[in-house]
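Peer 1: mmCIF, C-alpha atoms, saved as data-v9.cif, coming up:
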data_start
loop_
_atom_site.label_atom_id
_atom_site.label_comp_id
_atom_site.auth_asym_id
_atom_site.auth_seq_id
_atom_site.Cartn_x
_atom_site.Cartn_y
_atom_site.Cartn_z
CA MET A 1 0.00 0.00 0.00
CA GLY A 2 1.16 3.52 -0.70
CA GLU A 3 1.95 5.44 2.46
CA MET A 4 2.14 8.77 0.64
CA ALA A 5 -0.95 7.95 -1.46
CA GLN A 6 -2.91 7.54 1.75
CA ARG A 7 -1.41 10.61 3.38
CA ILE A 8 -2.03 13.03 0.52
CA SER A 9 -5.64 11.97 -0.06
CA LYS A 10 -7.77 14.53 1.76
CA VAL A 11 -11.12 12.82 1.13
CA GLU A 12 -13.06 13.11 4.40
CA ASN A 13 -14.43 9.56 4.36
CA LYS A 14 -11.79 7.25 2.92
CA GLU A 15 -13.84 4.15 3.74
CA GLU A 16 -16.68 5.51 1.64
CA LEU A 17 -14.25 6.27 -1.19
CA LEU A 18 -12.83 2.75 -1.03
CA LYS A 19 -16.36 1.34 -1.06
CA LEU A 20 -17.18 3.39 -4.18
CA LEU A 21 -13.96 2.36 -5.88
CA ASN A 22 -14.67 -1.30 -5.16
CA CYS A 23 -18.22 -0.85 -6.45
CA ALA A 24 -16.81 0.67 -9.64
CA PHE A 25 -14.22 -2.12 -9.83
CA ALA A 26 -17.00 -4.75 -9.69
CA GLU A 27 -19.02 -2.85 -12.28
CA GLU A 28 -16.06 -2.72 -14.65
CA TRP A 29 -15.61 -6.48 -14.49
CA LEU A 30 -19.31 -7.00 -15.14
CA ALA A 31 -19.22 -4.47 -18.00
CA TYR A 32 -16.19 -6.23 -19.46
CA TYR A 33 -18.05 -9.54 -19.44
CA GLN A 34 -21.28 -8.04 -20.75
CA TYR A 35 -19.48 -6.54 -23.74
CA TRP A 36 -17.28 -9.59 -24.33
CA ILE A 37 -20.05 -12.19 -24.21
CA GLY A 38 -22.35 -9.89 -26.20
CA ALA A 39 -19.73 -9.71 -28.95
CA LYS A 40 -19.54 -13.51 -29.04
CA ILE A 41 -23.29 -14.12 -29.39
CA ALA A 42 -24.45 -11.03 -31.33
CA GLU A 43 -26.78 -11.53 -34.27
CA GLY A 44 -28.60 -9.11 -36.50
CA LEU A 45 -28.26 -5.58 -37.82
CA GLU A 46 -24.76 -4.14 -38.12
CA ARG A 47 -23.33 -7.26 -36.46
CA PRO A 48 -19.70 -6.78 -37.62
CA LYS A 49 -19.66 -3.15 -36.47
CA VAL A 50 -21.39 -3.91 -33.17
CA VAL A 51 -19.05 -6.82 -32.44
CA ALA A 52 -15.97 -4.69 -33.17
CA GLU A 53 -17.26 -1.90 -30.91
CA PHE A 54 -18.16 -4.33 -28.13
CA MET A 55 -14.69 -5.89 -28.20
CA GLU A 56 -13.07 -2.45 -28.06
CA HIS A 57 -15.26 -1.49 -25.12
CA ALA A 58 -14.55 -4.78 -23.36
CA GLY A 59 -10.83 -4.03 -23.51
CA GLU A 60 -11.37 -0.55 -22.14
CA GLU A 61 -13.55 -1.82 -19.28
CA LEU A 62 -10.81 -4.28 -18.32
CA LYS A 63 -8.27 -1.44 -18.41
CA HIS A 64 -10.53 0.58 -16.08
CA ALA A 65 -10.69 -2.33 -13.64
CA ASP A 66 -6.89 -2.46 -13.66
CA TRP A 67 -6.57 1.25 -12.87
CA LEU A 68 -9.12 0.95 -10.07
CA VAL A 69 -7.53 -2.07 -8.40
CA ASP A 70 -4.17 -0.30 -8.35
CA ARG A 71 -5.72 2.78 -6.77
CA ILE A 72 -7.64 0.78 -4.17
CA ILE A 73 -4.40 -0.88 -3.10
CA GLU A 74 -2.49 2.43 -3.07
CA LEU A 75 -5.12 3.86 -0.74
CA GLY A 76 -4.71 0.93 1.66
CA GLY A 77 -7.88 -0.87 0.65
CA THR A 78 -8.53 -4.42 -0.39
CA PRO A 79 -10.06 -4.99 -3.81
CA LEU A 80 -12.96 -7.38 -4.19
CA ILE A 81 -11.12 -10.65 -4.70
CA ASP A 82 -14.14 -12.94 -4.92
CA PRO A 83 -16.03 -12.66 -8.22
CA ASP A 84 -19.21 -13.71 -6.40
CA GLU A 85 -19.04 -10.31 -4.72
CA TRP A 86 -19.11 -8.38 -8.00
CA LYS A 87 -22.86 -8.67 -8.57
CA LYS A 88 -23.53 -8.11 -4.87
CA GLN A 89 -21.46 -4.92 -4.67
CA ALA A 90 -22.19 -3.44 -8.10
CA GLN A 91 -25.01 -0.95 -8.34
CA CYS A 92 -24.89 -0.86 -12.13
CA ARG A 93 -26.56 -4.08 -13.06
CA TYR A 94 -25.34 -6.80 -15.36
CA ASP A 95 -27.96 -7.66 -17.96
CA GLU A 96 -27.65 -11.23 -19.11
CA PRO A 97 -27.63 -11.15 -22.90
CA ALA A 98 -30.41 -13.74 -23.23
CA ASN A 99 -31.46 -12.19 -26.54
CA PRO A 100 -28.57 -12.04 -29.06
CA ASP A 101 -30.23 -9.37 -31.23
CA THR A 102 -27.82 -6.46 -31.66
CA LYS A 103 -30.61 -3.97 -30.93
CA VAL A 104 -31.25 -5.57 -27.54
CA LEU A 105 -27.55 -5.88 -26.71
CA VAL A 106 -26.87 -2.25 -27.60
CA SER A 107 -29.81 -1.12 -25.46
CA GLN A 108 -28.57 -3.16 -22.49
CA ASN A 109 -25.08 -1.70 -22.83
CA LEU A 110 -26.43 1.82 -23.15
CA THR A 111 -28.22 1.42 -19.81
CA ALA A 112 -25.01 0.13 -18.23
CA GLU A 113 -22.96 3.00 -19.66
CA ARG A 114 -25.34 5.60 -18.26
CA CYS A 115 -25.00 4.05 -14.83
CA ALA A 116 -21.20 4.07 -15.18
CA VAL A 117 -21.25 7.75 -16.11
CA ALA A 118 -23.16 8.51 -12.90
CA ARG A 119 -20.71 6.41 -10.85
CA TYR A 120 -17.61 8.21 -12.12
CA GLN A 121 -19.26 11.60 -11.81
CA GLN A 122 -19.93 10.71 -8.16
CA ILE A 123 -16.31 9.69 -7.57
CA CYS A 124 -15.01 12.83 -9.32
CA GLU A 125 -17.21 15.04 -7.16
CA MET A 126 -16.02 13.28 -4.00
CA CYS A 127 -12.34 13.63 -4.95
CA GLN A 128 -12.15 17.01 -6.69
CA GLY A 129 -9.60 19.14 -4.90
CA LYS A 130 -9.06 16.42 -2.28
CA ASP A 131 -7.48 13.45 -4.03
CA PHE A 132 -5.97 14.46 -7.35
CA VAL A 133 -4.86 10.98 -8.40
CA THR A 134 -8.23 9.32 -7.81
CA PHE A 135 -9.94 12.33 -9.39
CA ASN A 136 -7.77 12.07 -12.52
CA ILE A 137 -8.30 8.31 -12.85
CA SER A 138 -12.06 8.75 -12.44
CA ARG A 139 -12.14 11.69 -14.84
CA LYS A 140 -10.30 9.68 -17.48
CA ILE A 141 -12.68 6.73 -17.05
CA LEU A 142 -15.68 9.10 -17.09
CA LYS A 143 -14.53 10.48 -20.43
CA GLU A 144 -14.32 6.99 -21.91
CA GLU A 145 -17.70 5.97 -20.47
CA LEU A 146 -19.26 9.06 -22.05
CA GLU A 147 -17.73 8.02 -25.37
CA HIS A 148 -19.17 4.51 -24.92
CA GLU A 149 -22.59 5.96 -24.22
CA GLN A 150 -22.41 8.08 -27.37
CA GLU A 151 -21.37 5.11 -29.47
CA MET A 152 -24.30 3.03 -28.18
CA GLU A 153 -26.66 5.95 -28.86
CA ASP A 154 -25.25 6.19 -32.39
CA PHE A 155 -26.03 2.51 -33.00
CA GLU A 156 -29.57 3.01 -31.72
CA ALA A 157 -30.02 5.98 -34.06
CA ASP A 158 -28.70 3.93 -37.01
CA PHE A 159 -31.06 1.05 -36.19
CA LYS A 160 -34.04 3.35 -36.79
CA TYR A 161 -33.25 3.30 -40.51
CA TYR A 162 -33.66 -0.45 -40.85
#
Can you turn what I pasted into structure tokens?
Peer 2:
Amino acid sequence: MGEMAQRISKVENKEELLKLLNCAFAEEWLAYYQYWIGAKIAEGLERPKVVAEFMEHAGEELKHADWLVDRIIELGGTPLIDPDEWKKQAQCRYDEPANPDTKVLVSQNLTAERCAVARYQQICEMCQGKDFVTFNISRKILKEELEHEQEMEDFEADFKYY
């Protein structure tokens, strides 16, 4: 754990911050899986484009989880090490892709992205001016989640023409 990382973080409630970071960590793993498995089973309109976008997003969600686990450890916390805890701790839900239609998969991922945007906005607000490293990590993830949301919205708009 990072002694200086803990000392320079001026967030009033570090336990709450660690809880939020672990929640986000769990959500990133679930988002990774949702995109990855969706890419594997997708059928329908714009399938090649949707699959390519889902695989790109899956990689980015995994990268986010990596950044978060490092920060949790630096702050003296323990990351969720039991995957069974991911669905319990996550507030952004995992939607099982029971329907492989690209329209359904895109809609499910759009809902998840909007939840992720809210999560990282919350972490940014908690850390702004108090924990620059966590703020910058969360801001960077927030930017990518907003891009993901836009890309899912773009697919939905394109689907209206079919």
Peer 1: Using only C-alpha atoms, which protein or nucleic acid residues come within 10 Å of Thr111 (chain A)? Drop anything in the same chain fewer than 2 positions from it, and give the result as number ranges by chain.
Peer 2: A: 92-95, 106-109, 113-116, 149, 152
Peer 1: With the file shown as input, list the residues that the PyMOL selection byres ((chain A and resi 68-72) around 12) selects, as a PyMOL selection string.
Peer 2: chain A and resi 1-2+5-6+9+14-29+61-67+73-81+120+123+131-138+140-141
Peer 1: Need to verify the contact set: region 155-160 of chain A, 12 Å, all atoms listed in the file, exclusion of same-chain residues closer than 3 positions in sequence. Can you return it as a list in words?
Peer 2: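 Here the answer would be Gly44, Leu45, Glu46, Arg47, Lys49, Val50, Val51, Glu53, Phe54, Asp101, Thr102, Lys103, Val104, Leu105, Val106, Ser107, Gln108, Asn109, Leu110, His148, Glu149, Gln150, Glu151 and Met152 of chain A.
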Peer 1: Out of A:Glu3, A:Glu85, A:Glu12, A:Glu96, which residue has the shortest atom-to-atom distance to Gln34 (chain A) when counting only C-alpha atoms?
Peer 2: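 Going through A:Glu3, A:Glu85, A:Glu12, A:Glu96 one by one, the smallest distance to Gln34 (chain A) is for A:Glu96.
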Peer 1: Applying 7 Å and all atoms listed in the file, which residues near Pro100 (chain A) remain after dropping the ones on its own chain fewer than 2 positions away? List them as number ranges by chain.
Peer 2: A: 41-43, 97-98, 102, 105
Peer 1: Using CA of Tyr33 (chain A) and CA of Glu153 (chain A) as the two end points, give the distance in Å to one decimal.
Peer 2: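 Here the two named atoms are 20.1 Å from each other.
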Peer 1: Please compute the CA of Ala112 (chain A)-CA of Lys143 (chain A) distance, one decimal, in Å.
Peer 2: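 Going from CA of Ala112 (chain A) over to CA of Lys143 (chain A), I get 14.9 Å.
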Peer 1: Measure the distance from CA of Gln91 (chain A) to CA of Gly59 (chain A) in Å and round it to one decimal.
Peer 2: 21.0 Å
Peer 1: Reconstruct N, CA, C and O atoms of region 111-132 of chain A; output as a short mmCIF file (atom, residue, chain, number, x, y, z; two decimals), in the coordinates of the input.
Peer 2:
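Wrote part03.cif, looks like this:
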data_model
loop_
_atom_site.label_atom_id
_atom_site.label_comp_id
_atom_site.auth_asym_id
_atom_site.auth_seq_id
_atom_site.Cartn_x
_atom_site.Cartn_y
_atom_site.Cartn_z
N THR A 111 -27.77 1.27 -21.20
CA THR A 111 -28.22 1.42 -19.81
C THR A 111 -27.04 1.31 -18.85
O THR A 111 -26.90 2.12 -17.93
N ALA A 112 -26.18 0.33 -19.08
CA ALA A 112 -25.01 0.13 -18.23
C ALA A 112 -24.05 1.32 -18.31
O ALA A 112 -23.50 1.76 -17.29
N GLU A 113 -23.87 1.86 -19.50
CA GLU A 113 -22.96 3.00 -19.66
C GLU A 113 -23.48 4.23 -18.92
O GLU A 113 -22.70 4.97 -18.31
N ARG A 114 -24.77 4.44 -18.97
CA ARG A 114 -25.34 5.60 -18.26
C ARG A 114 -25.15 5.47 -16.75
O ARG A 114 -24.88 6.46 -16.07
N CYS A 115 -25.26 4.27 -16.25
CA CYS A 115 -25.00 4.05 -14.83
C CYS A 115 -23.53 4.31 -14.51
O CYS A 115 -23.20 4.94 -13.51
N ALA A 116 -22.64 3.86 -15.39
CA ALA A 116 -21.20 4.07 -15.18
C ALA A 116 -20.86 5.55 -15.19
O ALA A 116 -20.04 6.01 -14.38
N VAL A 117 -21.48 6.30 -16.07
CA VAL A 117 -21.25 7.75 -16.11
C VAL A 117 -21.61 8.37 -14.76
O VAL A 117 -20.84 9.16 -14.19
N ALA A 118 -22.74 7.98 -14.21
CA ALA A 118 -23.16 8.51 -12.90
C ALA A 118 -22.17 8.11 -11.81
O ALA A 118 -21.84 8.92 -10.93
N ARG A 119 -21.66 6.88 -11.86
CA ARG A 119 -20.71 6.41 -10.85
C ARG A 119 -19.44 7.25 -10.87
O ARG A 119 -18.96 7.71 -9.83
N TYR A 120 -18.87 7.47 -12.05
CA TYR A 120 -17.61 8.21 -12.12
C TYR A 120 -17.81 9.70 -11.86
O TYR A 120 -16.91 10.34 -11.31
N GLN A 121 -18.96 10.22 -12.18
CA GLN A 121 -19.26 11.60 -11.81
C GLN A 121 -19.27 11.72 -10.28
O GLN A 121 -18.72 12.66 -9.72
N GLN A 122 -19.87 10.74 -9.63
CA GLN A 122 -19.93 10.71 -8.16
C GLN A 122 -18.52 10.66 -7.56
O GLN A 122 -18.22 11.40 -6.63
N ILE A 123 -17.67 9.80 -8.09
CA ILE A 123 -16.31 9.69 -7.57
C ILE A 123 -15.53 10.98 -7.83
O ILE A 123 -14.80 11.46 -6.95
N CYS A 124 -15.69 11.56 -9.02
CA CYS A 124 -15.01 12.83 -9.32
C CYS A 124 -15.43 13.91 -8.34
O CYS A 124 -14.58 14.66 -7.82
N GLU A 125 -16.72 14.02 -8.09
CA GLU A 125 -17.21 15.04 -7.16
C GLU A 125 -16.65 14.83 -5.76
O GLU A 125 -16.30 15.78 -5.07
N MET A 126 -16.54 13.58 -5.33
CA MET A 126 -16.02 13.28 -4.00
C MET A 126 -14.53 13.64 -3.90
O MET A 126 -14.07 14.08 -2.85
N CYS A 127 -13.80 13.48 -4.99
CA CYS A 127 -12.34 13.63 -4.95
C CYS A 127 -11.81 14.97 -5.44
O CYS A 127 -10.65 15.30 -5.18
N GLN A 128 -12.64 15.76 -6.11
CA GLN A 128 -12.15 17.01 -6.69
C GLN A 128 -11.56 17.91 -5.61
O GLN A 128 -12.19 18.23 -4.62
N GLY A 129 -10.31 18.27 -5.83
CA GLY A 129 -9.60 19.14 -4.90
C GLY A 129 -9.13 18.45 -3.64
O GLY A 129 -8.53 19.08 -2.77
N LYS A 130 -9.40 17.14 -3.50
CA LYS A 130 -9.06 16.42 -2.28
C LYS A 130 -8.15 15.22 -2.52
O LYS A 130 -7.40 14.83 -1.64
N ASP A 131 -8.29 14.62 -3.69
CA ASP A 131 -7.48 13.45 -4.03
C ASP A 131 -7.28 13.52 -5.54
O ASP A 131 -8.09 13.01 -6.31
N PHE A 132 -6.20 14.17 -5.94
CA PHE A 132 -5.97 14.46 -7.35
C PHE A 132 -5.78 13.20 -8.19
O PHE A 132 -6.22 13.13 -9.33
#
